[in-house]
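What follows is the content of target12.tsv (TSV, C-alpha atoms).
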chain	number	residue	atom	x	y	z
A	1	MET	CA	0.00	0.00	0.00
A	2	CYS	CA	2.80	2.41	0.97
A	3	ASP	CA	4.59	1.65	-2.28
A	4	ASN	CA	1.42	2.41	-4.21
A	5	GLN	CA	1.02	5.75	-2.43
A	6	GLY	CA	4.62	6.67	-3.19
A	7	GLY	CA	4.23	5.58	-6.81
A	8	ILE	CA	0.96	7.46	-7.29
A	9	ALA	CA	2.34	10.65	-5.70
A	10	GLY	CA	5.52	10.36	-7.80
A	11	GLY	CA	3.43	9.81	-10.92
A	12	ILE	CA	1.23	12.85	-10.21
A	13	GLU	CA	4.31	14.99	-9.50
A	14	ILE	CA	5.96	13.92	-12.79
A	15	CYS	CA	2.75	14.62	-14.78
A	16	ILE	CA	2.54	18.14	-13.32
A	17	THR	CA	6.20	19.03	-13.73
A	18	PHE	CA	7.21	17.06	-16.86
A	19	PRO	CA	6.99	20.04	-19.29
A	20	THR	CA	9.88	21.63	-17.32
A	21	GLU	CA	11.86	18.38	-17.79
A	22	TYR	CA	11.05	18.46	-21.52
A	23	VAL	CA	12.20	22.09	-21.89
A	24	LYS	CA	15.36	21.41	-19.86
A	25	THR	CA	16.26	18.46	-22.11
A	26	GLN	CA	15.62	20.41	-25.33
A	27	LEU	CA	17.76	23.34	-24.14
A	28	GLN	CA	20.57	20.95	-23.17
A	29	LEU	CA	20.42	19.20	-26.57
A	30	ASP	CA	20.45	22.56	-28.38
A	31	GLU	CA	24.00	23.12	-29.58
A	32	LYS	CA	25.43	26.58	-30.06
A	33	ALA	CA	27.57	25.32	-32.92
A	34	ASN	CA	24.52	24.29	-34.88
A	35	PRO	CA	23.19	27.33	-34.54
A	36	PRO	CA	20.76	27.16	-31.58
A	37	LYS	CA	17.15	26.31	-32.33
A	38	TYR	CA	15.68	27.98	-29.25
A	39	LYS	CA	16.15	31.51	-27.88
A	40	GLY	CA	15.22	30.42	-24.36
A	41	ILE	CA	12.59	28.70	-22.20
A	42	VAL	CA	9.55	30.61	-23.53
A	43	ASP	CA	10.64	30.20	-27.16
A	44	CYS	CA	11.13	26.44	-26.64
A	45	VAL	CA	7.60	26.08	-25.20
A	46	LYS	CA	6.14	28.24	-28.01
A	47	GLN	CA	7.84	26.30	-30.82
A	48	THR	CA	6.86	22.93	-29.31
A	49	VAL	CA	3.19	23.88	-28.82
A	50	ASN	CA	3.01	25.43	-32.31
A	51	GLY	CA	4.54	22.36	-33.93
A	52	HIS	CA	3.09	19.52	-31.84
A	53	GLY	CA	0.35	20.97	-29.62
A	54	VAL	CA	0.44	20.89	-25.81
A	55	ARG	CA	0.95	17.10	-26.01
A	56	GLY	CA	4.39	17.81	-27.47
A	57	LEU	CA	5.54	19.04	-24.04
A	58	TYR	CA	4.85	15.54	-22.67
A	59	ARG	CA	7.02	13.67	-25.18
A	60	GLY	CA	9.09	11.09	-23.24
A	61	LEU	CA	6.83	11.20	-20.15
A	62	SER	CA	6.01	7.48	-20.26
A	63	SER	CA	9.63	6.39	-19.71
A	64	LEU	CA	9.81	8.48	-16.49
A	65	LEU	CA	6.39	7.28	-15.32
A	66	TYR	CA	7.27	3.59	-15.77
A	67	GLY	CA	10.60	4.14	-14.03
A	68	SER	CA	9.49	6.32	-11.10
A	69	ILE	CA	8.33	3.53	-8.74
A	70	PRO	CA	11.32	1.16	-9.17
A	71	LYS	CA	13.71	4.16	-9.02
A	72	ALA	CA	12.32	5.31	-5.66
A	73	ALA	CA	12.34	1.71	-4.38
A	74	VAL	CA	16.02	1.19	-5.29
A	75	ARG	CA	17.10	4.64	-4.02
A	76	PHE	CA	15.51	4.44	-0.59
A	77	GLY	CA	16.03	0.67	-0.23
A	78	VAL	CA	19.79	1.00	-0.76
A	79	PHE	CA	19.95	4.16	1.39
A	80	GLU	CA	18.14	2.42	4.28
A	81	PHE	CA	20.35	-0.67	3.96
A	82	LEU	CA	23.58	1.37	4.02
A	83	SER	CA	22.45	3.88	6.66
A	84	ASN	CA	21.40	1.08	9.06
A	85	LYS	CA	24.98	-0.22	8.89
A	86	MET	CA	26.50	3.24	9.46
A	87	ARG	CA	24.43	4.68	12.34
A	88	ASP	CA	26.13	5.22	15.72
A	89	GLU	CA	25.02	3.53	18.96
A	90	LYS	CA	22.33	6.23	19.50
A	91	GLY	CA	20.88	5.54	16.04
A	92	ARG	CA	22.13	8.84	14.59
A	93	LEU	CA	23.52	9.17	11.08
A	94	ASP	CA	26.00	12.03	10.67
A	95	SER	CA	26.02	14.10	7.48
A	96	THR	CA	29.29	12.66	6.11
A	97	ARG	CA	27.95	9.11	6.41
A	98	GLY	CA	24.68	10.36	4.93
A	99	LEU	CA	26.68	11.58	1.92
A	100	PHE	CA	28.27	8.13	1.38
A	101	CYS	CA	24.92	6.34	1.80
A	102	GLY	CA	23.39	8.75	-0.73
A	103	LEU	CA	26.29	8.14	-3.12
A	104	GLY	CA	25.71	4.37	-2.91
A	105	ALA	CA	21.96	4.81	-3.47
A	106	GLY	CA	22.56	7.09	-6.47
A	107	VAL	CA	25.01	4.71	-8.16
A	108	ALA	CA	22.63	1.75	-7.62
A	109	GLU	CA	19.61	3.56	-9.11
A	110	ALA	CA	21.73	4.85	-12.03
A	111	VAL	CA	22.88	1.39	-13.08
A	112	LEU	CA	19.63	-0.50	-12.47
A	113	ILE	CA	16.91	1.99	-13.46
A	114	VAL	CA	17.88	5.56	-14.37
A	115	CYS	CA	20.28	5.02	-17.29
A	116	PRO	CA	17.86	3.06	-19.53
A	117	MET	CA	14.92	5.26	-18.42
A	118	GLU	CA	16.75	8.53	-19.17
A	119	THR	CA	18.22	7.26	-22.46
A	120	VAL	CA	14.73	6.42	-23.74
A	121	LYS	CA	13.35	9.78	-22.50
A	122	VAL	CA	16.13	11.82	-24.18
A	123	LYS	CA	15.85	9.89	-27.46
A	124	PHE	CA	12.06	10.43	-27.51
A	125	ILE	CA	12.41	14.16	-26.88
A	126	HIS	CA	15.23	14.50	-29.44
A	127	ASP	CA	13.27	12.44	-31.98
A	128	GLN	CA	10.36	14.92	-31.90
A	129	THR	CA	12.62	17.70	-33.24
A	130	SER	CA	13.97	15.64	-36.14
A	131	ALA	CA	12.50	16.07	-39.64
A	132	ASN	CA	10.85	12.61	-39.62
A	133	PRO	CA	10.08	11.44	-36.06
A	134	LYS	CA	10.33	7.65	-36.01
A	135	TYR	CA	9.00	6.62	-32.58
A	136	LYS	CA	5.22	6.11	-32.49
A	137	GLY	CA	4.91	5.41	-28.76
A	138	PHE	CA	6.84	4.15	-25.72
A	139	PHE	CA	6.91	0.42	-26.50
A	140	HIS	CA	7.39	0.96	-30.24
A	141	GLY	CA	10.26	3.37	-29.48
A	142	VAL	CA	11.99	0.98	-27.08
A	143	ARG	CA	11.62	-1.87	-29.61
A	144	GLU	CA	13.10	0.32	-32.36
A	145	ILE	CA	16.05	1.46	-30.21
A	146	ILE	CA	16.87	-2.18	-29.28
A	147	ARG	CA	16.35	-3.39	-32.88
A	148	VAL	CA	18.69	-0.78	-34.36
A	149	GLU	CA	21.28	-0.37	-31.59
A	150	GLY	CA	20.89	-3.50	-29.47
A	151	LEU	CA	20.41	-3.42	-25.68
A	152	LYS	CA	23.36	-1.03	-25.34
A	153	GLY	CA	21.19	1.56	-27.14
A	154	THR	CA	19.21	1.90	-23.91
A	155	TYR	CA	22.40	2.19	-21.85
A	156	GLN	CA	24.04	5.24	-23.42
A	157	GLY	CA	25.85	7.70	-21.21
A	158	LEU	CA	26.19	5.21	-18.32
A	159	THR	CA	29.35	6.87	-16.93
A	160	ALA	CA	27.73	10.32	-17.00
A	161	THR	CA	24.51	8.92	-15.48
A	162	VAL	CA	26.40	7.18	-12.65
A	163	LEU	CA	28.35	10.40	-11.96
A	164	LYS	CA	25.16	12.48	-12.11
A	165	GLN	CA	22.95	10.22	-9.97
A	166	GLY	CA	25.76	9.43	-7.52
A	167	SER	CA	26.54	13.12	-6.95
A	168	ASN	CA	22.80	13.95	-6.99
A	169	GLN	CA	21.90	11.63	-4.13
A	170	ALA	CA	25.17	12.27	-2.24
A	171	ILE	CA	24.40	16.03	-2.21
A	172	ARG	CA	20.69	15.54	-1.42
A	173	PHE	CA	21.14	13.06	1.42
A	174	TYR	CA	24.09	15.05	2.84
A	175	VAL	CA	22.01	18.26	2.93
A	176	MET	CA	18.92	16.39	4.18
A	177	THR	CA	20.85	14.59	6.94
A	178	SER	CA	22.57	17.84	8.01
A	179	LEU	CA	19.29	19.78	8.17
A	180	ARG	CA	17.49	16.94	9.95
A	181	ASN	CA	20.25	16.60	12.57
A	182	TRP	CA	20.33	20.39	13.06
A	183	TYR	CA	16.53	20.50	13.53
A	184	LYS	CA	16.43	17.58	15.97
A	185	GLY	CA	19.36	18.89	18.04
A	186	ASP	CA	20.02	16.58	21.01
A	187	ASP	CA	16.70	14.76	20.68
A	188	PRO	CA	16.96	12.10	17.94
A	189	ASN	CA	13.29	11.16	18.49
A	190	LYS	CA	11.97	14.69	17.86
A	191	ALA	CA	9.18	14.59	15.25
A	192	ILE	CA	9.55	16.70	12.11
A	193	ASN	CA	6.45	18.31	10.57
A	194	PRO	CA	5.95	17.12	6.95
A	195	LEU	CA	6.04	20.76	5.74
A	196	ILE	CA	9.49	21.20	7.34
A	197	THR	CA	10.58	17.93	5.69
A	198	GLY	CA	9.30	19.30	2.36
A	199	LEU	CA	11.22	22.56	2.86
A	200	PHE	CA	14.42	20.64	3.70
A	201	GLY	CA	13.84	18.45	0.62
A	202	ALA	CA	13.47	21.50	-1.64
A	203	VAL	CA	16.76	22.96	-0.28
A	204	ALA	CA	18.49	19.59	-0.85
A	205	GLY	CA	17.08	19.46	-4.40
A	206	ALA	CA	18.27	23.00	-5.20
A	207	ALA	CA	21.77	22.19	-3.86
A	208	SER	CA	21.97	19.15	-6.16
A	209	VAL	CA	20.86	21.18	-9.20
A	210	PHE	CA	23.56	23.83	-8.73
A	211	GLY	CA	26.09	21.14	-7.81
A	212	ASN	CA	25.70	18.84	-10.79
A	213	THR	CA	23.89	20.44	-13.75
A	214	PRO	CA	27.15	20.26	-15.80
A	215	LEU	CA	27.04	16.45	-15.44
A	216	ASP	CA	23.35	16.49	-16.41
A	217	VAL	CA	24.14	18.41	-19.61
A	218	VAL	CA	26.89	15.91	-20.55
A	219	LYS	CA	24.56	12.98	-19.75
A	220	THR	CA	21.79	14.45	-21.96
A	221	ARG	CA	24.19	14.91	-24.92
A	222	MET	CA	25.55	11.36	-24.49
A	223	GLN	CA	22.00	9.98	-24.65
A	224	GLY	CA	20.70	12.10	-27.57
A	225	LEU	CA	20.44	11.02	-31.20
A	226	GLU	CA	23.76	12.78	-31.94
A	227	ALA	CA	25.65	10.81	-29.26
A	228	HIS	CA	27.83	9.11	-31.91
A	229	LYS	CA	29.78	12.41	-32.24
A	230	TYR	CA	31.38	11.82	-28.85
A	231	LYS	CA	34.06	9.21	-28.15
A	232	SER	CA	33.46	9.24	-24.38
A	233	THR	CA	32.00	11.23	-21.48
A	234	LEU	CA	35.23	13.23	-21.18
A	235	ASP	CA	35.34	13.87	-24.94
A	236	CYS	CA	31.74	15.15	-24.80
A	237	ALA	CA	32.57	17.54	-21.91
A	238	MET	CA	35.67	18.84	-23.73
A	239	LYS	CA	33.76	19.42	-26.99
A	240	ILE	CA	31.00	21.34	-25.19
A	241	MET	CA	33.67	23.48	-23.49
A	242	LYS	CA	35.56	24.08	-26.74
A	243	HIS	CA	32.60	24.89	-29.01
A	244	GLU	CA	30.07	26.43	-26.61
A	245	GLY	CA	31.99	27.68	-23.58
A	246	PRO	CA	31.41	27.13	-19.83
A	247	LYS	CA	27.89	28.65	-19.87
A	248	ALA	CA	26.66	25.66	-21.90
A	249	PHE	CA	27.19	23.44	-18.83
A	250	TYR	CA	24.35	25.26	-17.06
A	251	LYS	CA	21.77	24.97	-19.85
A	252	GLY	CA	18.32	24.09	-18.56
A	253	THR	CA	19.14	25.06	-14.94
A	254	VAL	CA	15.96	27.13	-14.38
A	255	PRO	CA	13.42	24.53	-15.59
A	256	ARG	CA	15.40	21.78	-13.85
A	257	LEU	CA	15.39	23.75	-10.58
A	258	GLY	CA	11.58	24.00	-10.59
A	259	ARG	CA	11.02	20.30	-11.17
A	260	VAL	CA	13.77	18.95	-8.90
A	261	CYS	CA	12.82	21.07	-5.85
A	262	MET	CA	9.20	19.90	-6.07
A	263	ASP	CA	10.24	16.31	-6.81
A	264	VAL	CA	12.68	16.00	-3.89
A	265	ALA	CA	10.31	17.75	-1.45
A	266	ILE	CA	7.38	15.41	-2.32
A	267	VAL	CA	9.52	12.25	-2.33
A	268	PHE	CA	11.10	12.99	1.08
A	269	ILE	CA	7.70	13.80	2.64
A	270	ILE	CA	6.26	10.49	1.37
A	271	TYR	CA	9.38	8.61	2.47
A	272	GLU	CA	9.27	10.05	6.02
A	273	GLU	CA	5.52	9.38	6.37
A	274	VAL	CA	5.86	5.80	5.07
A	275	VAL	CA	8.73	5.15	7.53
A	276	LYS	CA	6.53	6.48	10.39
A	277	VAL	CA	3.67	4.15	9.41
A	278	LEU	CA	5.98	1.14	9.06
A	279	ASN	CA	7.55	1.86	12.46
A	280	ILE	CA	4.07	1.80	14.05
A	281	VAL	CA	2.99	-1.36	12.17
A	282	TRP	CA	6.17	-3.31	12.89
A	283	LYS	CA	6.96	-2.00	16.38
A	284	THR	CA	8.34	-5.02	18.19
A	285	ASP	CA	9.05	-3.67	21.68
Output the structure of this file as structure tokens.
Amino acid sequence: MCDNQGGIAGGIEICITFPTEYVKTQLQLDEKANPPKYKGIVDCVKQTVNGHGVRGLYRGLSSLLYGSIPKAAVRFGVFEFLSNKMRDEKGRLDSTRGLFCGLGAGVAEAVLIVCPMETVKVKFIHDQTSANPKYKGFFHGVREIIRVEGLKGTYQGLTATVLKQGSNQAIRFYVMTSLRNWYKGDDPNKAINPLITGLFGAVAGAASVFGNTPLDVVKTRMQGLEAHKYKSTLDCAMKIMKHEGPKAFYKGTVPRLGRVCMDVAIVFIIYEEVVKVLNIVWKTD
């Protein structure tokens, strides 16, 4: 039941905020050298709606929806497993250990869920801007990608995804653990209001956006339809730097900030509430 609640809430959150994810991805795929297709966020939305209707802003949504529940399960499952091994005798988890637990959770979700999910999403979004879009729907698109490129076609940009998700969750759980410990002070059993948890989650999300958007840009390029231009993750980063300058590494920051802050806030609230319920249900003392 708890998993269903988390999945439903995650699904609703993605449906509300996905257009910002779409715009972010298009801006990151837009190369200066080419020349750029979009003048900015508003222009990207305008061109998409004019060319494909409002539905165009939801291109690639299905891959994130199908992946949201297993992603959350892997992330928090691995984090709980690692944090239970790292807590001190009072049951506290310090922020440095929180960072390492988050790093482990991020790497696990990147390899098992996020890389194929994000590759499919980016290819779908990129495909819509090509002269003859070839993917008719989620399952048709996945079949086509595997038919043409093999299974590795769904695992493009793995290094960049591992670096992005690892640093993402390391930053988020570090900030979250620090804020939680600061709020609780000397009382580890002090309850935290869900709104406070949401606020802490939004701060953690914002920190991860500013901390690792450059990796997100590289990951998006490595997973796009033009990925063959890059020999490796490092080669991709160097080409972006050479042809587009350092500003290109922060493309899509504003739309990403909006989605990530809401996403992390909602997910942490659900996570905390589910943990509270499970503690009551399975209280053994």
CA of Asp94 in chain A to CA of Gly211 in chain A, straight-line distance in Å: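 Atom-to-atom, CA of Gly211 in chain A and CA of Asp94 in chain A are spaced 20.6 Å apart.
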Given only C-alpha atoms as the counted atoms, nearest of A:Gly185, A:Pro133, A:Gly102, A:Pro19 to Phe81 in chain A: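 Using only C-alpha atoms, Phe81 in chain A sits closest to A:Gly102.
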With 12 Å as the cut-off and only C-alpha atoms counted, what is the closest atom pair between each nearby residue of range 68-150 of chain A and range 179-184 of chain A? Distances in Å to one decimal, ordered by chain and number, as CSV.
residue,atom,partner,partner_atom,distance
A:Gly91,CA,A:Asn181,CA,11.6
A:Arg92,CA,A:Asn181,CA,8.2
A:Leu93,CA,A:Asn181,CA,8.3
A:Asp94,CA,A:Asn181,CA,7.6
A:Ser95,CA,A:Asn181,CA,8.1
A:Thr96,CA,A:Asn181,CA,11.8
A:Gly98,CA,A:Asn181,CA,10.8
Determine the nearest neighbour of Thr197 in chain A from the options A:Ala110, A:Val267, A:Asp88, A:Thr159, counting all atoms listed in the file.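 Selected residue with least distance to Thr197 in chain A: A:Val267.
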May I have a table of the residues of range 114-149 of chain A lying at most 12 Å from range 21-32 of chain A, giving each one's closest pair of atoms and their distance in Å to one decimal, counting only C-alpha atoms, ordered by chain and ascending residue number, as a tab-separated table?
residue	atom	partner	partner_atom	distance
A:Glu118	CA	A:Thr25	CA	10.4
A:Thr119	CA	A:Thr25	CA	11.4
A:Lys121	CA	A:Tyr22	CA	9.0
A:Val122	CA	A:Thr25	CA	7.0
A:Lys123	CA	A:Thr25	CA	10.1
A:Phe124	CA	A:Tyr22	CA	10.1
A:Ile125	CA	A:Tyr22	CA	7.0
A:His126	CA	A:Gln26	CA	7.2
A:Asp127	CA	A:Gln26	CA	10.6
A:Gln128	CA	A:Gln26	CA	10.0
A:Thr129	CA	A:Gln26	CA	8.9
A:Ser130	CA	A:Gln26	CA	11.9
Would you list the contacts of Thr154 in chain A as a ChimeraX atom specification, taking every protein, DNA or RNA residue within 12 Å and counting all atoms listed in the file, but skipping same-chain residues closer than 3 positions in sequence? /A:63,111-124,141-151,157-158,222-225
Hey, can you pull every residue with an atom no more than 12 Å from (24.5, 5.9, -2.9), using all atoms listed in the file, and send it as a ChimeraX atom specification? /A:74-83,97-111,162-174
When you count only C-alpha atoms, which of these residues is closest to Leu234 in chain A: A:Ile14, A:Phe210, A:Ile269, A:Ala160? A:Ala160
Interatomic distance between CA of Arg55 in chain A and CA of Glu226 in chain A?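 Going from CA of Arg55 in chain A over to CA of Glu226 in chain A, I get 24.0 Å.
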CA of Val274 in chain A to CA of Tyr58 in chain A, distance in Å rounded to a single decimal: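 For CA of Val274 in chain A relative to CA of Tyr58 in chain A, the distance reads 29.4 Å.
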Would you kindly return, as a ChimeraX atom specification, each protein, DNA or RNA residue with an atom no farther than 8 Å from any atom of Pro255 in chain A, considering all atoms listed in the file and excluding same-chain residues fewer than 2 positions away? /A:20-21,23-24,41,252-253,257-259
With all atoms listed in the file as the basis for distance, which of A:Pro214, A:Gly205, A:Gly51, A:Gly153 is at the shortest distance from Cys236 in chain A?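 Closest to Cys236 in chain A of all the choices is A:Pro214.
By only C-alpha atoms, and with residues fewer than 2 positions from Ile196 in chain A along its chain excluded, the set lying at most 12 Å from it is A:Met176, A:Leu179, A:Arg180, A:Tyr183, A:Lys184, A:Ala191, A:Ile192, A:Asn193, A:Pro194, A:Gly198, A:Leu199, A:Phe200, A:Gly201, A:Ala202, A:Val203, A:Ala265, A:Ile266, A:Phe268, A:Ile269, A:Glu272.
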Grab all the atoms of range 230-249 of chain A that the file lists, wrap them in a box along x, y and z, add 5 Å per side, and give me centre plus edge lengths in Å (one decimal) as JSON.
{"center_x": 31.2, "center_y": 18.9, "center_z": -23.9, "size_x": 19.0, "size_y": 29.4, "size_z": 20.2}
